[in-house]
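Source file: target-v8.csv. Holds: CSV, C-alpha atoms.
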```csv
chain,number,residue,atom,x,y,z
W,151,MET,CA,-14.7,134.3,379.7
W,152,ASN,CA,-16.9,135.2,376.8
W,153,ARG,CA,-14.8,138.3,376.1
W,154,LEU,CA,-11.6,136.1,375.9
W,155,SER,CA,-13.2,133.6,373.5
W,156,HIS,CA,-14.2,136.4,371.2
W,157,HIS,CA,-10.6,137.6,370.9
W,158,ARG,CA,-9.3,134.1,370.1
W,159,ARG,CA,-11.8,133.6,367.3
W,160,GLY,CA,-9.4,134.9,364.5
W,161,PHE,CA,-10.4,136.2,361.0
W,162,SER,CA,-13.6,135.4,359.4
W,163,LEU,CA,-13.8,133.9,355.9
W,164,VAL,CA,-14.9,137.2,354.5
W,165,GLU,CA,-12.0,139.0,356.1
W,166,LEU,CA,-9.5,136.4,354.7
W,167,MET,CA,-11.0,136.8,351.2
W,168,VAL,CA,-10.8,140.6,351.4
W,169,ALA,CA,-7.2,140.4,352.6
W,170,MET,CA,-6.3,137.9,349.8
W,171,ALA,CA,-7.9,140.2,347.2
W,172,ILE,CA,-6.0,143.2,348.5
W,173,GLY,CA,-2.8,141.1,348.4
W,174,LEU,CA,-3.4,139.9,344.9
W,175,PHE,CA,-4.1,143.5,343.8
W,176,VAL,CA,-0.9,144.7,345.4
W,177,SER,CA,1.1,141.8,343.9
W,178,ALA,CA,-0.3,142.5,340.4
W,179,ALA,CA,0.6,146.1,340.7
W,180,VAL,CA,4.2,145.3,341.8
W,181,ILE,CA,4.6,142.7,339.0
W,182,SER,CA,3.1,145.2,336.5
W,183,VAL,CA,5.6,147.9,337.6
W,184,TYR,CA,8.4,145.4,337.5
W,185,LEU,CA,7.5,144.3,333.9
W,186,VAL,CA,7.3,147.9,332.8
W,187,GLN,CA,10.7,148.7,334.4
W,188,ALA,CA,12.2,145.5,332.9
W,189,ARG,CA,11.0,146.4,329.4
W,190,MET,CA,12.2,150.0,329.8
W,191,TYR,CA,15.6,148.7,330.9
W,192,LYS,CA,15.8,146.3,327.9
W,193,SER,CA,14.7,149.0,325.6
W,194,THR,CA,17.2,151.5,326.9
W,195,ALA,CA,20.0,148.9,326.9
W,196,SER,CA,19.1,147.8,323.4
W,197,GLN,CA,19.1,151.4,322.1
W,198,VAL,CA,22.6,151.8,323.5
W,199,ALA,CA,23.7,148.5,322.1
W,200,ILE,CA,22.3,149.3,318.6
W,201,GLN,CA,24.0,152.7,318.6
W,202,ASN,CA,27.3,151.1,319.6
W,203,ALA,CA,26.9,148.5,316.9
W,204,GLU,CA,26.3,151.2,314.3
W,205,ASN,CA,29.3,153.1,315.5
W,206,ALA,CA,31.4,150.0,315.3
W,207,ILE,CA,30.2,149.2,311.7
W,208,SER,CA,31.2,152.7,310.6
W,209,ALA,CA,34.6,152.6,312.3
W,210,LEU,CA,35.5,149.0,311.2
W,211,VAL,CA,33.9,148.6,307.8
W,212,THR,CA,34.1,152.1,306.2
W,213,PRO,CA,38.0,152.5,306.2
W,214,VAL,CA,38.6,149.1,304.6
W,215,ILE,CA,36.1,149.6,301.8
W,216,ARG,CA,37.0,153.2,301.2
W,217,SER,CA,40.6,152.3,300.8
W,218,ALA,CA,39.9,149.4,298.4
W,219,GLY,CA,42.3,149.4,295.5
W,220,PHE,CA,45.2,151.2,297.2
W,221,ASN,CA,48.6,149.8,296.3
W,222,GLY,CA,51.0,152.6,297.0
W,223,CYS,CA,51.4,155.1,294.2
W,224,SER,CA,48.9,153.5,291.8
W,225,ALA,CA,45.7,151.6,292.0
W,226,VAL,CA,44.8,147.9,291.8
W,227,THR,CA,43.0,148.5,288.5
W,228,GLN,CA,46.4,149.3,287.0
W,229,SER,CA,48.0,146.1,288.3
W,230,LEU,CA,49.0,143.1,286.2
W,231,SER,CA,48.6,139.7,287.7
W,232,ASN,CA,51.4,137.2,288.1
W,233,LEU,CA,49.1,134.7,289.8
W,234,ASN,CA,47.7,131.5,288.2
W,235,SER,CA,44.1,132.4,288.8
W,236,GLY,CA,44.0,134.4,292.0
W,237,GLY,CA,41.5,132.5,294.1
W,238,PRO,CA,38.1,134.1,294.8
W,239,PRO,CA,37.2,137.5,293.2
W,240,PRO,CA,38.3,140.2,292.9
W,241,LEU,CA,41.6,138.4,292.4
W,242,GLY,CA,39.8,135.5,291.0
W,243,THR,CA,38.5,137.5,288.0
W,244,ILE,CA,42.0,138.7,286.9
W,245,THR,CA,42.9,138.3,283.3
W,246,THR,CA,45.3,141.2,282.9
W,247,THR,CA,44.1,143.6,285.7
W,248,ALA,CA,42.3,143.3,289.0
W,249,SER,CA,39.2,145.1,290.4
W,250,LEU,CA,38.8,146.9,293.7
W,251,LEU,CA,36.0,144.8,294.8
W,252,PHE,CA,33.4,142.1,294.0
W,253,GLY,CA,30.0,141.3,295.3
W,254,TYR,CA,27.3,138.7,295.7
W,255,ASP,CA,23.6,139.5,295.9
W,256,ALA,CA,21.4,137.2,298.0
W,257,THR,CA,18.5,135.8,296.0
W,258,GLY,CA,15.4,138.1,296.2
W,259,THR,CA,17.2,141.1,297.7
W,260,ALA,CA,18.0,143.3,294.7
W,261,GLY,CA,16.1,146.3,296.0
W,262,GLY,CA,13.3,148.0,294.0
W,263,GLY,CA,10.5,146.3,295.9
W,264,SER,CA,12.1,142.9,296.5
W,265,THR,CA,11.3,141.1,299.7
W,266,LEU,CA,13.2,139.0,302.2
W,267,SER,CA,11.7,137.0,305.1
W,268,ILE,CA,13.9,136.1,308.1
W,269,THR,CA,12.0,133.2,309.8
W,270,GLN,CA,14.2,132.8,312.9
W,271,ASP,CA,16.9,134.6,314.9
W,272,ASN,CA,20.5,133.6,314.2
W,273,SER,CA,19.6,131.1,311.5
W,274,ALA,CA,22.2,128.5,310.2
W,275,ASN,CA,24.5,129.4,307.4
W,276,ASP,CA,23.4,128.6,303.8
W,277,ILE,CA,25.4,125.9,302.0
W,278,SER,CA,23.9,126.5,298.6
W,279,ALA,CA,26.1,128.8,296.5
W,280,GLY,CA,23.3,129.2,294.0
W,281,ASP,CA,21.3,131.3,296.5
W,282,TRP,CA,23.4,134.3,295.4
W,283,SER,CA,23.9,136.2,292.1
W,284,PRO,CA,26.5,135.6,290.9
W,285,ALA,CA,26.8,132.2,292.5
W,286,LEU,CA,28.8,132.5,295.8
W,287,ASP,CA,32.4,131.5,295.4
W,288,ALA,CA,33.1,127.9,296.6
W,289,THR,CA,35.4,129.2,299.3
W,290,LEU,CA,32.6,131.2,300.9
W,291,ALA,CA,29.7,128.7,300.6
W,292,GLY,CA,28.5,127.5,304.0
W,293,ASN,CA,29.9,130.6,305.8
W,294,VAL,CA,27.1,133.0,305.1
W,295,GLU,CA,23.5,133.3,306.3
W,296,ALA,CA,20.8,133.1,303.6
W,297,GLY,CA,19.6,136.6,302.6
W,298,SER,CA,22.9,138.3,303.4
W,299,ASP,CA,24.7,140.1,300.6
W,300,VAL,CA,28.5,139.6,300.5
W,301,ILE,CA,31.1,142.2,299.5
W,302,VAL,CA,34.8,141.4,299.0
W,303,VAL,CA,37.4,144.1,298.7
W,304,LEU,CA,41.1,144.1,297.6
W,305,GLY,CA,43.6,146.6,298.9
W,306,ALA,CA,46.6,147.3,301.0
W,307,ALA,CA,46.6,145.3,304.2
W,308,PRO,CA,45.5,147.4,307.2
W,309,ASP,CA,48.1,149.3,309.2
W,310,THR,CA,50.7,148.9,306.4
W,311,SER,CA,52.4,151.5,304.3
W,312,PRO,CA,54.4,151.4,301.1
W,313,VAL,CA,58.0,150.1,301.4
W,314,GLY,CA,60.8,151.1,299.1
W,315,VAL,CA,62.5,148.6,296.8
W,316,THR,CA,66.2,149.0,297.0
W,317,THR,CA,67.3,146.3,294.6
W,318,ILE,CA,65.5,144.6,291.8
W,319,ALA,CA,67.1,142.9,288.8
W,320,THR,CA,65.6,142.3,285.4
W,321,ALA,CA,64.3,138.7,285.0
W,322,SER,CA,64.9,138.1,288.8
W,323,ASN,CA,62.6,136.1,291.0
W,324,SER,CA,63.4,138.3,294.0
W,325,MET,CA,63.7,141.9,295.2
W,326,ILE,CA,65.3,143.5,298.3
W,327,LEU,CA,63.1,145.9,300.3
W,328,GLN,CA,64.0,148.6,302.8
W,329,THR,CA,62.4,146.3,305.4
W,330,ALA,CA,60.5,143.0,305.2
W,331,ALA,CA,59.2,143.2,308.8
W,332,GLY,CA,55.7,141.8,309.2
W,333,LEU,CA,55.7,140.0,305.9
W,334,SER,CA,55.3,136.2,305.5
W,335,ALA,CA,55.5,133.5,302.8
W,336,GLY,CA,52.2,132.9,301.1
W,337,GLN,CA,51.2,136.6,301.4
W,338,ILE,CA,50.0,138.5,298.3
W,339,GLY,CA,51.7,141.8,297.5
W,340,VAL,CA,52.2,144.3,294.7
W,341,VAL,CA,55.2,146.2,293.4
W,342,SER,CA,54.5,149.5,291.6
W,343,ASP,CA,56.5,152.4,290.0
W,344,CYS,CA,53.4,154.6,289.8
W,345,LEU,CA,52.9,153.9,286.1
W,346,LYS,CA,52.4,150.1,286.3
W,347,ALA,CA,52.1,147.5,289.0
W,348,SER,CA,52.4,143.7,289.4
W,349,ILE,CA,50.6,141.4,291.9
W,350,PHE,CA,52.4,138.3,293.0
W,351,GLN,CA,52.7,135.8,295.9
W,352,ILE,CA,55.7,135.9,298.3
W,353,THR,CA,57.2,132.4,298.4
W,354,ALA,CA,60.2,133.0,300.7
W,355,ILE,CA,61.7,135.7,302.9
W,356,SER,CA,65.4,136.0,303.9
W,357,ALA,CA,66.3,139.1,305.8
W,358,ASN,CA,64.9,141.9,303.6
W,359,THR,CA,64.8,139.8,300.4
W,360,ILE,CA,61.5,138.5,299.2
W,361,THR,CA,61.2,135.8,296.6
W,362,HIS,CA,58.3,135.1,294.1
W,363,ALA,CA,59.0,131.7,292.6
W,364,ALA,CA,56.6,129.9,290.3
W,365,GLY,CA,54.2,127.3,291.8
W,366,SER,CA,50.9,125.5,291.5
W,367,GLY,CA,47.5,126.5,292.9
W,368,ALA,CA,45.2,129.5,292.4
W,369,MET,CA,47.2,131.9,294.5
W,370,ALA,CA,50.7,130.7,293.3
W,371,ASN,CA,52.8,132.6,290.8
W,372,SER,CA,52.4,131.6,287.2
W,373,SER,CA,56.0,132.7,286.5
W,374,SER,CA,59.1,133.2,288.6
W,375,THR,CA,59.7,136.6,286.8
W,376,LEU,CA,57.3,139.5,286.5
W,377,ALA,CA,55.8,140.4,283.1
W,378,VAL,CA,57.3,143.9,283.2
W,379,ASN,CA,60.5,145.4,284.7
W,380,TYR,CA,60.8,147.7,287.7
W,381,ALA,CA,63.6,149.9,288.8
W,382,PRO,CA,65.0,150.5,292.3
W,383,GLY,CA,62.9,153.1,294.0
W,384,SER,CA,59.6,151.3,293.2
W,385,GLN,CA,57.2,150.6,296.0
W,386,PHE,CA,56.0,147.3,297.6
W,387,VAL,CA,52.7,147.0,299.4
W,388,PRO,CA,51.2,143.8,301.0
W,389,LEU,CA,47.6,143.2,299.8
W,390,GLN,CA,44.6,141.7,301.5
W,391,GLN,CA,41.3,140.4,300.4
W,392,THR,CA,38.6,141.2,303.0
W,393,ALA,CA,35.0,139.9,302.9
W,394,PHE,CA,32.1,141.3,304.9
W,395,TYR,CA,28.8,139.3,305.4
W,396,ILE,CA,26.3,138.1,308.0
W,397,ALA,CA,26.8,134.7,309.6
W,398,HIS,CA,25.4,132.5,312.3
W,399,GLY,CA,26.8,133.8,315.6
W,400,THR,CA,27.1,132.7,319.2
W,401,GLY,CA,24.1,132.9,321.5
W,402,ASP,CA,20.8,134.1,319.9
W,403,GLN,CA,22.1,136.8,317.5
W,404,SER,CA,23.5,136.8,314.0
W,405,THR,CA,26.9,138.5,313.6
W,406,LEU,CA,28.5,140.8,311.0
W,407,MET,CA,31.7,138.9,310.0
W,408,ARG,CA,35.0,140.1,308.6
W,409,ALA,CA,37.0,137.4,306.8
W,410,VAL,CA,40.5,137.6,305.4
W,411,TYR,CA,41.6,135.3,302.5
W,412,SER,CA,45.1,133.8,302.9
W,413,ASN,CA,46.8,130.6,301.6
W,414,GLY,CA,43.6,129.3,300.0
W,415,ALA,CA,41.1,129.8,302.9
W,416,TRP,CA,39.1,132.5,304.7
W,417,ALA,CA,40.0,133.3,308.3
W,418,ALA,CA,36.7,134.7,309.7
W,419,GLN,CA,36.3,137.0,312.7
W,420,PRO,CA,33.1,138.1,314.4
W,421,LEU,CA,33.0,141.8,314.0
W,422,VAL,CA,29.7,143.2,315.3
W,423,PRO,CA,27.1,141.0,317.0
W,424,GLY,CA,23.3,141.7,316.7
W,425,VAL,CA,23.4,142.5,313.0
W,426,GLU,CA,20.8,140.2,311.3
W,427,ALA,CA,20.7,141.6,307.7
W,428,MET,CA,23.1,143.3,305.3
W,429,GLN,CA,22.2,144.6,301.8
W,430,VAL,CA,24.7,146.2,299.3
W,431,LEU,CA,24.1,148.3,296.2
W,432,TYR,CA,26.9,149.4,293.9
W,433,GLY,CA,27.2,152.8,292.3
W,434,ILE,CA,28.1,152.4,288.6
W,435,GLY,CA,28.7,154.9,285.9
W,436,ALA,CA,31.5,156.3,283.7
W,437,ASN,CA,34.5,158.5,284.2
W,438,GLY,CA,34.1,158.4,288.0
W,439,ILE,CA,30.5,159.6,288.0
W,440,VAL,CA,27.8,157.4,289.5
W,441,THR,CA,24.7,157.2,287.4
W,442,GLN,CA,22.8,154.5,289.3
W,443,TYR,CA,23.0,152.0,292.2
W,444,VAL,CA,22.4,148.4,291.3
W,445,ALA,CA,22.6,145.0,293.0
W,446,ALA,CA,25.7,142.8,292.4
W,447,GLY,CA,24.0,140.6,289.8
W,448,ALA,CA,23.5,143.7,287.6
W,449,VAL,CA,27.2,144.8,287.6
W,450,SER,CA,28.9,143.9,284.4
W,451,ASP,CA,32.2,145.7,284.9
W,452,TRP,CA,33.5,145.9,288.4
W,453,THR,CA,36.1,148.5,287.5
W,454,LYS,CA,33.3,150.9,286.9
W,455,VAL,CA,32.0,150.8,290.5
W,456,TYR,CA,32.7,154.1,292.1
W,457,ALA,CA,30.7,153.9,295.3
W,458,ILE,CA,28.7,151.5,297.4
W,459,ARG,CA,25.7,151.7,299.7
W,460,LEU,CA,25.5,149.5,302.7
W,461,GLY,CA,22.3,148.8,304.6
W,462,PHE,CA,22.2,146.9,308.0
W,463,LEU,CA,19.4,145.8,310.2
W,464,VAL,CA,20.6,145.9,313.8
W,465,GLN,CA,18.6,144.2,316.6
W,466,GLY,CA,18.3,144.6,320.4
W,467,LEU,CA,17.6,142.2,323.3
W,468,LEU,CA,14.6,139.9,323.4
W,469,GLY,CA,11.6,141.8,324.9
W,470,SER,CA,13.0,145.3,324.1
W,471,GLY,CA,10.3,145.9,321.4
W,472,THR,CA,6.8,144.7,320.6
W,473,THR,CA,5.3,141.7,318.9
W,474,SER,CA,1.7,143.1,318.7
W,475,ASN,CA,2.0,145.0,315.4
W,476,THR,CA,2.8,143.1,312.2
W,477,ALA,CA,3.9,146.2,310.4
W,478,SER,CA,6.5,146.9,313.1
W,479,ARG,CA,8.2,143.7,312.0
W,480,GLN,CA,8.9,144.9,308.5
W,481,PHE,CA,11.8,147.1,307.6
W,482,SER,CA,13.0,148.7,304.3
W,483,ILE,CA,16.8,148.2,303.7
W,484,LEU,CA,18.0,149.9,300.5
W,485,GLY,CA,14.6,149.1,298.8
W,486,THR,CA,14.3,145.5,300.0
W,487,THR,CA,11.5,144.9,302.5
W,488,VAL,CA,12.7,142.6,305.3
W,489,THR,CA,10.2,140.8,307.5
W,490,VAL,CA,11.6,139.6,310.8
W,491,PRO,CA,10.4,137.1,313.5
W,492,ALA,CA,7.8,138.2,316.1
W,493,ASP,CA,10.4,138.0,318.9
W,494,GLY,CA,9.8,141.3,320.6
W,495,ARG,CA,13.2,142.8,319.7
W,496,LEU,CA,13.8,146.5,319.1
W,497,ARG,CA,15.4,147.0,315.7
W,498,HIS,CA,16.9,149.8,313.6
W,499,VAL,CA,18.0,150.2,310.0
W,500,TYR,CA,21.4,151.8,309.5
W,501,GLU,CA,22.5,152.8,306.0
W,502,LEU,CA,25.6,154.5,304.7
W,503,THR,CA,27.3,155.4,301.4
W,504,ILE,CA,31.0,155.0,300.8
W,505,ASN,CA,32.9,156.5,297.9
W,506,LEU,CA,35.8,154.4,296.6
W,507,ARG,CA,38.7,156.9,296.6
W,508,ASN,CA,40.9,154.7,294.3
W,509,ALA,CA,38.2,153.8,291.8
W,510,VAL,CA,39.2,156.4,289.2
```
Structure rendered as structure tokens:
Amino acid sequence: MNRLSHHRRGFSLVELMVAMAIGLFVSAAVISVYLVQARMYKSTASQVAIQNAENAISALVTPVIRSAGFNGCSAVTQSLSNLNSGGPPPLGTITTTASLLFGYDATGTAGGGSTLSITQDNSANDISAGDWSPALDATLAGNVEAGSDVIVVLGAAPDTSPVGVTTIATASNSMILQTAAGLSAGQIGVVSDCLKASIFQITAISANTITHAAGSGAMANSSSTLAVNYAPGSQFVPLQQTAFYIAHGTGDQSTLMRAVYSNGAWAAQPLVPGVEAMQVLYGIGANGIVTQYVAAGAVSDWTKVYAIRLGFLVQGLLGSGTTSNTASRQFSILGTTVTVPADGRLRHVYELTINLRNAV
């Protein structure tokens, strides 16, 4: 009887405490291993995402900027404008000729030791045009995050090629192309004979005939006839104004945006998520030779820009990095020191230089 009672007595308090301590120790070890594995996974996934983002930037941004100014057998800088004012730059700066590109430098990000503080992830877009130098064009105000530079390029629309002009009469408001497939009224185009070129707006299309009648508005034609004459055999190319900048994105990450200007407004498209900063410097000089790289506010003649440098800060997932070191939250992008939130994200600076093949 005594032996049976002894076996039914159960665990003592000391035994329970020892068992609980062992259980807590094992649980802590398991949780620690899990947290380490989770961080390693986030770090690895973020490294892959950052690499993919940088590859996407190179593949999607570089060709558009490198080809800026192409208009068939001549360059945009040789083109006369038939537009009232052209809308936002570089068309907006036309007096007699256009420029390949135009830029806006965010306040305090001109390189050379300047600083930029990003206080939160995926911040709201800035509505104050005066926060850029020169002041951001009214059509772009409210579309761009504070601290992001903006670059606008003008050139042939992507995936298009020069089309031959089969019929064009002196003092006519129309011309007949080999094909008008893919063109639409309101689109901007250029006709060139390799010695001169004219930029105008297409106002109507009938079969392969495109019309450029006069109208009102910045992007409308100032005259129904072009200022100079062109012979059959000239080339027509559809043009496109494309802007790149950082904007408020979906979720918790800012996004590199690509916007196309058409019929008085920008059609913006998210291009690469997870890009929280973009800085741009412009290579200026003479006779096609770059002598220095400066911020947009220091460019006095946009036809003398021969190359650009782009710098991006690409971020990973929350928890993929560290928040313990203040220095690890500061990054140098083209000479501008950028401080980011202590959000535990892995980040990487990606910089590239693009030569403008049509600048000279």
Per residue of segment 437-503 of chain W within 9 Å of segment 212-226 of chain W, record the nearest atom pair and its distance in Å to one decimal, counting only C-alpha atoms, with rows in chain order and ascending residue number, as JSON lines.
```
{"residue": "W:Ala457", "atom": "CA", "partner": "W:Arg216", "partner_atom": "CA", "distance": 8.7}
{"residue": "W:Ile458", "atom": "CA", "partner": "W:Ile215", "partner_atom": "CA", "distance": 8.8}
{"residue": "W:Leu502", "atom": "CA", "partner": "W:Thr212", "partner_atom": "CA", "distance": 9.0}
{"residue": "W:Thr503", "atom": "CA", "partner": "W:Thr212", "partner_atom": "CA", "distance": 9.0}
```
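Among the candidates W:Thr329, W:Gly399, W:Pro240, W:Glu426, the one nearest to Val490 of chain W when counting only C-alpha atoms is W:Glu426.
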Judged by only C-alpha atoms, the minimum distance to Leu230 of chain W among W:Val430, W:Val198, W:Ile349, W:Ala260 is found for W:Ile349
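One distance worth recording is that between atom CA of Pro308 of chain W and atom CA of Leu210 of chain W, which is 10.9 Å.
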Of W:Thr269, W:Ser162, W:Ser196, W:Ser334, the one sitting nearest Ile355 of chain W when using only C-alpha atoms is W:Ser334
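For the pair atom CA of Ala363 of chain W and atom CA of Asn508 of chain W, the interatomic distance is 29.3 Å.
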Name the closest residue to Ile434 of chain W among the candidates W:Ala446, W:Val294, W:Ala418, W:Ala330; distances are taken between atoms, counting only C-alpha atoms.
-> W:Ala446
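When all atoms listed in the file are used to measure the gap to Thr453 of chain W, the shortest distance among W:Tyr380, W:Trp282, W:Phe350, W:Tyr432 belongs to W:Tyr432.
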Test item: residues at most 8 Å from Leu327 of chain W, all atoms listed in the file, excluding those fewer than 4 positions along its chain, as a PyMOL selection string | chain W and resi 313-317+358-360+386
Using all atoms listed in the file, which residues sit within 12 Å of Ser231 of chain W once same-chain residues fewer than 2 positions away are excluded, as an NGL selection string?
-> :W and (226-229 or 233-237 or 240-249 or 338-341 or 346-351 or 368-373 or 375-378)
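Residue nearest Tyr500 of chain W, chosen from W:Thr392, W:Ser177, W:Asn205, W:Asn293 and counting all atoms listed in the file: W:Asn205.
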Atom CA of Val488 of chain W to atom CA of Ser267 of chain W, distance in Å rounded to a single decimal | 5.7 Å
Once you count all atoms listed in the file, which residues end up no further than 8 Å from (33.7, 144.0, 307.8) in the file's frame, shown as a list in words?
-> Ile207, Leu210, Val211, Val214, Thr392, Ala393, Phe394, Tyr395, Leu406, Met407, Arg408, Ala409 and Leu421 of chain W
Enclosing box along x, y and z for every listed atom of segment 196-199 of chain W, padded 8 Å each side, centre and size in Å, one decimal, as JSON:
```
{"center_x": 21.4, "center_y": 149.8, "center_z": 322.8, "size_x": 20.6, "size_y": 20.0, "size_z": 17.4}
```
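Neighbouring residues of Ser322 of chain W at 10 Å or closer, counting all atoms listed in the file and skipping chain neighbours under 2 positions away, are Ile318, Ala319, Thr320, Ser324, Met325, Thr361, His362, Ala363, Ser374, Thr375, Leu376 and Asn379 of chain W.
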